[in-house]
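Chemist: First the structure, then my questions, so here it is.
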Amino acid sequence: MSLESFFAKLFDFQATAALLGEDFVQNALLTGLVLGLVSGVLAPMVVARKMSFAVHGTAELAFTGAAAALLLGFSVGTGALLGSVVAALMLGLLGQKDTERDSVIGAVLSFGLGLGVLLLAVNPIRTNNKFSLLIGQIVTVDPGELTLFAVTAAVVLLAFALIYRPLLFASADEQVAAARGVPVRLLTPLFAVLVGVATALGVQTVGALLVLALMVTPGAAAARVTARPGLAILLSVVFAEVAAIGGILLSLAPGVPVSAFITALSFLIYLVCRGIGGYRLNRAKSATV
């Protein structure tokens with residue numbers, strides 16, 4: 001596809017409207033709504049707890065689990081979920097101390113990526129599925145997978161709601177929280193597992209390489225414009241939904257991977273929020289002079 005034909009198809013709204021009537025597109029939009037909600041809710045806490053690198057490491061083992069599932073012939077989504085939970089537990093238990101967290105994540109990340117590449121290399125079939133593990137393929141989600149997707153997301157959101165207040169306290173000051181009786185050592189791996197499950201959902205849609213676009217970027221953008229936790233979650237959800245749904249709609253007519261548009265929209269939102277945050281900071285400095 002030439003660049004000229006790509007842009008011509010990108011703005012072919014008639015083709016986009018026609019595709020909106022297809023069942024697979026409607027399933028994709030519903031999947032995007034669910035993913036935008038769960039990733040948007042978790043992203044501010046991921047940013048606050050400096051877990052962006054951990055999300056990337058978790059995505060690599062989710063990719064490994066999906067590659068293993070592809071090789072063994074069972075559900076790719078189940079494989080990604082199992083891989084992400086294993087990764088999250090490893091990161092949560094081995095990386096309790098700040099001084100060793102980055103090295104643990106780096107070790108897990110490289111191991112997961114290497115093993116995943118090996119599993120794909122020894123798999124002689126399903127080449128399209130191999131590629132989709134890296135960049136995602138949201139339009140292949142069927143109704144059964146969508147139901148599992150929604151139930152899993154609901155469980156993640158419910159668990160997060162139950163631990164939100166003590167987790168927020170621990171994120172603000174871990175030592176004081178521990179002194180007040182907050183089970184910090186339990187909350188860290190528990191939240192890591194929730195992030196791992198959400199990351200597995202993201203791997204199925206935007207791929208292992210680009211999952212940060214929804215699990216981190218909306219939270220980073222929200223943090224640029226507000227310091228209020230509740231408002232940050234609300235804005236993060238809005239940003240994630242705009243990126244997910246907007247990315248799906250933009251990808252329909254050209255027929256290119258949705259992850260390209262999701263990441264582009266996420267980054268654009270981040271740049272706008274960064275500009276707004278910088279403008280507010282400069283105004284505050286000027287007012288104090």
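Here's how to read the names in the structure tokens: chain A, B, ... by the order shown, residue numbers from 1 in each chain, ligand numbers from 1 in the order shown.
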List as a compact mmCIF listing (two decimals) with C-alpha atoms, in the first residue's frame the protein and nucleic acid residues near Phe239 (chain A), meaning an atom at most 9 Å away when only C-alpha atoms are counted, but skip any in the same chain fewer than 3 places from it.

Modeler:
# COMPACT_ATOMS: atom_id res chain seq x y z
CA GLY A 36 -9.94 1.32 27.96
CA GLY A 40 -7.44 3.67 32.41
CA LEU A 214 -2.78 1.87 27.28
CA THR A 217 0.47 6.55 28.82
CA PRO A 218 -3.10 7.57 29.89
CA GLY A 219 -1.99 7.62 33.54
CA ALA A 221 -0.99 12.11 30.73
CA ALA A 222 -3.47 12.49 33.58
CA LEU A 234 -11.33 9.70 35.55
CA LEU A 235 -9.11 11.51 33.05
CA SER A 236 -7.02 8.39 32.50
CA VAL A 242 -10.37 7.84 23.24
CA ALA A 243 -7.16 6.08 22.24
CA ALA A 244 -8.71 2.59 22.11
CA LEU A 265 -3.46 8.77 19.82
CA SER A 266 -2.09 7.94 23.28
CA ILE A 269 -2.90 13.00 24.26
CA TYR A 270 0.24 12.80 26.41

Chemist: Write out as a ChimeraX atom specification each polymer residue whose atoms come within 6 Å of Gly247 (chain A), counting only C-alpha atoms; drop sequence neighbours fewer than 2 positions from it.

Modeler: /A:243-245,249-250,258,261-262

Chemist: Emit the selected residues as a PDB file, in the first residue's frame, including N, CA, C and O atoms.

Modeler:
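Once everything was written out, this is selection19.pdb:
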ATOM      1  N   ALA A 243      -8.222   6.739  23.000  1.00  0.00           N
ATOM      2  CA  ALA A 243      -7.158   6.077  22.243  1.00  0.00           C
ATOM      3  C   ALA A 243      -7.618   4.730  21.702  1.00  0.00           C
ATOM      4  O   ALA A 243      -7.375   4.398  20.526  1.00  0.00           O
ATOM      5  N   ALA A 244      -8.292   3.931  22.534  1.00  0.00           N
ATOM      6  CA  ALA A 244      -8.706   2.587  22.113  1.00  0.00           C
ATOM      7  C   ALA A 244      -9.792   2.635  21.040  1.00  0.00           C
ATOM      8  O   ALA A 244      -9.652   2.022  19.971  1.00  0.00           O
ATOM      9  N   ILE A 245     -10.868   3.360  21.319  1.00  0.00           N
ATOM     10  CA  ILE A 245     -11.969   3.420  20.357  1.00  0.00           C
ATOM     11  C   ILE A 245     -11.562   4.204  19.116  1.00  0.00           C
ATOM     12  O   ILE A 245     -11.849   3.793  17.977  1.00  0.00           O
ATOM     13  N   LEU A 249     -11.466   2.779  15.174  1.00  0.00           N
ATOM     14  CA  LEU A 249     -12.201   3.430  14.085  1.00  0.00           C
ATOM     15  C   LEU A 249     -11.265   3.869  12.955  1.00  0.00           C
ATOM     16  O   LEU A 249     -11.579   3.695  11.773  1.00  0.00           O
ATOM     17  N   LEU A 250     -10.115   4.406  13.326  1.00  0.00           N
ATOM     18  CA  LEU A 250      -9.169   4.871  12.309  1.00  0.00           C
ATOM     19  C   LEU A 250      -8.557   3.717  11.521  1.00  0.00           C
ATOM     20  O   LEU A 250      -8.167   3.886  10.357  1.00  0.00           O
ATOM     21  N   VAL A 258      -4.459  -2.112  14.457  1.00  0.00           N
ATOM     22  CA  VAL A 258      -5.052  -1.069  15.294  1.00  0.00           C
ATOM     23  C   VAL A 258      -4.043  -0.464  16.253  1.00  0.00           C
ATOM     24  O   VAL A 258      -4.165   0.707  16.657  1.00  0.00           O
ATOM     25  N   PHE A 261      -2.531   3.073  15.547  1.00  0.00           N
ATOM     26  CA  PHE A 261      -3.362   4.241  15.821  1.00  0.00           C
ATOM     27  C   PHE A 261      -3.565   4.446  17.318  1.00  0.00           C
ATOM     28  O   PHE A 261      -3.635   5.584  17.792  1.00  0.00           O
ATOM     29  N   ILE A 262      -3.693   3.364  18.065  1.00  0.00           N
ATOM     30  CA  ILE A 262      -3.848   3.484  19.515  1.00  0.00           C
ATOM     31  C   ILE A 262      -2.629   4.147  20.133  1.00  0.00           C
ATOM     32  O   ILE A 262      -2.746   5.058  20.963  1.00  0.00           O
TER      33      ILE A 262
END

Chemist: Please indicate the distance in Å from CA of Ala287 (chain A) to CA of Cys273 (chain A), rounded to one decimal place.

Modeler: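 CA of Ala287 (chain A) sits 21.0 Å away from CA of Cys273 (chain A).
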
Chemist: How many Å lie between CA of Ala88 (chain A) and CA of Ala192 (chain A), rounded to one decimal?

Modeler: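 Value for the CA of Ala88 (chain A)-CA of Ala192 (chain A) distance: 5.1 Å.
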
Chemist: Between CA of Arg185 (chain A) and CA of Leu109 (chain A), what is the distance, to one decimal in Å?

Modeler: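 CA of Leu109 (chain A) lies 22.3 Å from CA of Arg185 (chain A).
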
Chemist: Using only C-alpha atoms, determine which residues lie at most 8 Å from region 162-169 of chain A, disregarding the query and same-chain residues fewer than 3 positions distant; provide the list as a list in words.

Modeler: Met45, Leu158, Ala159, Ala172, Asp173, Glu174, Ala177, Val182, Val184 and Leu187 of chain A

Chemist: Looking only at the backbone, which of the residues in region 18-230 of chain A does DSSP tag as alpha helix (DSSP H), as a PyMOL selection string?

Modeler: chain A and resi 18-19+23-48+52-72+76-94+98-121+127-135+143-172+174-179+184-206+212-215+217-225+229-230

Chemist: Rank A:Asn282, A:Thr226, A:Thr58, A:Asn123 by their smallest atom-to-atom distance to Val203 (chain A), using only C-alpha atoms, and report the top residue only.

Modeler: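 The answer is A:Thr58, which sits nearest to Val203 (chain A).
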
Chemist: Between A:Leu37, A:Met215, A:Leu157, A:Leu19, single out the one closest to Ala200 (chain A), counting only C-alpha atoms.

Modeler: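 Comparing A:Leu37, A:Met215, A:Leu157, A:Leu19 against Ala200 (chain A), the winner is A:Met215.
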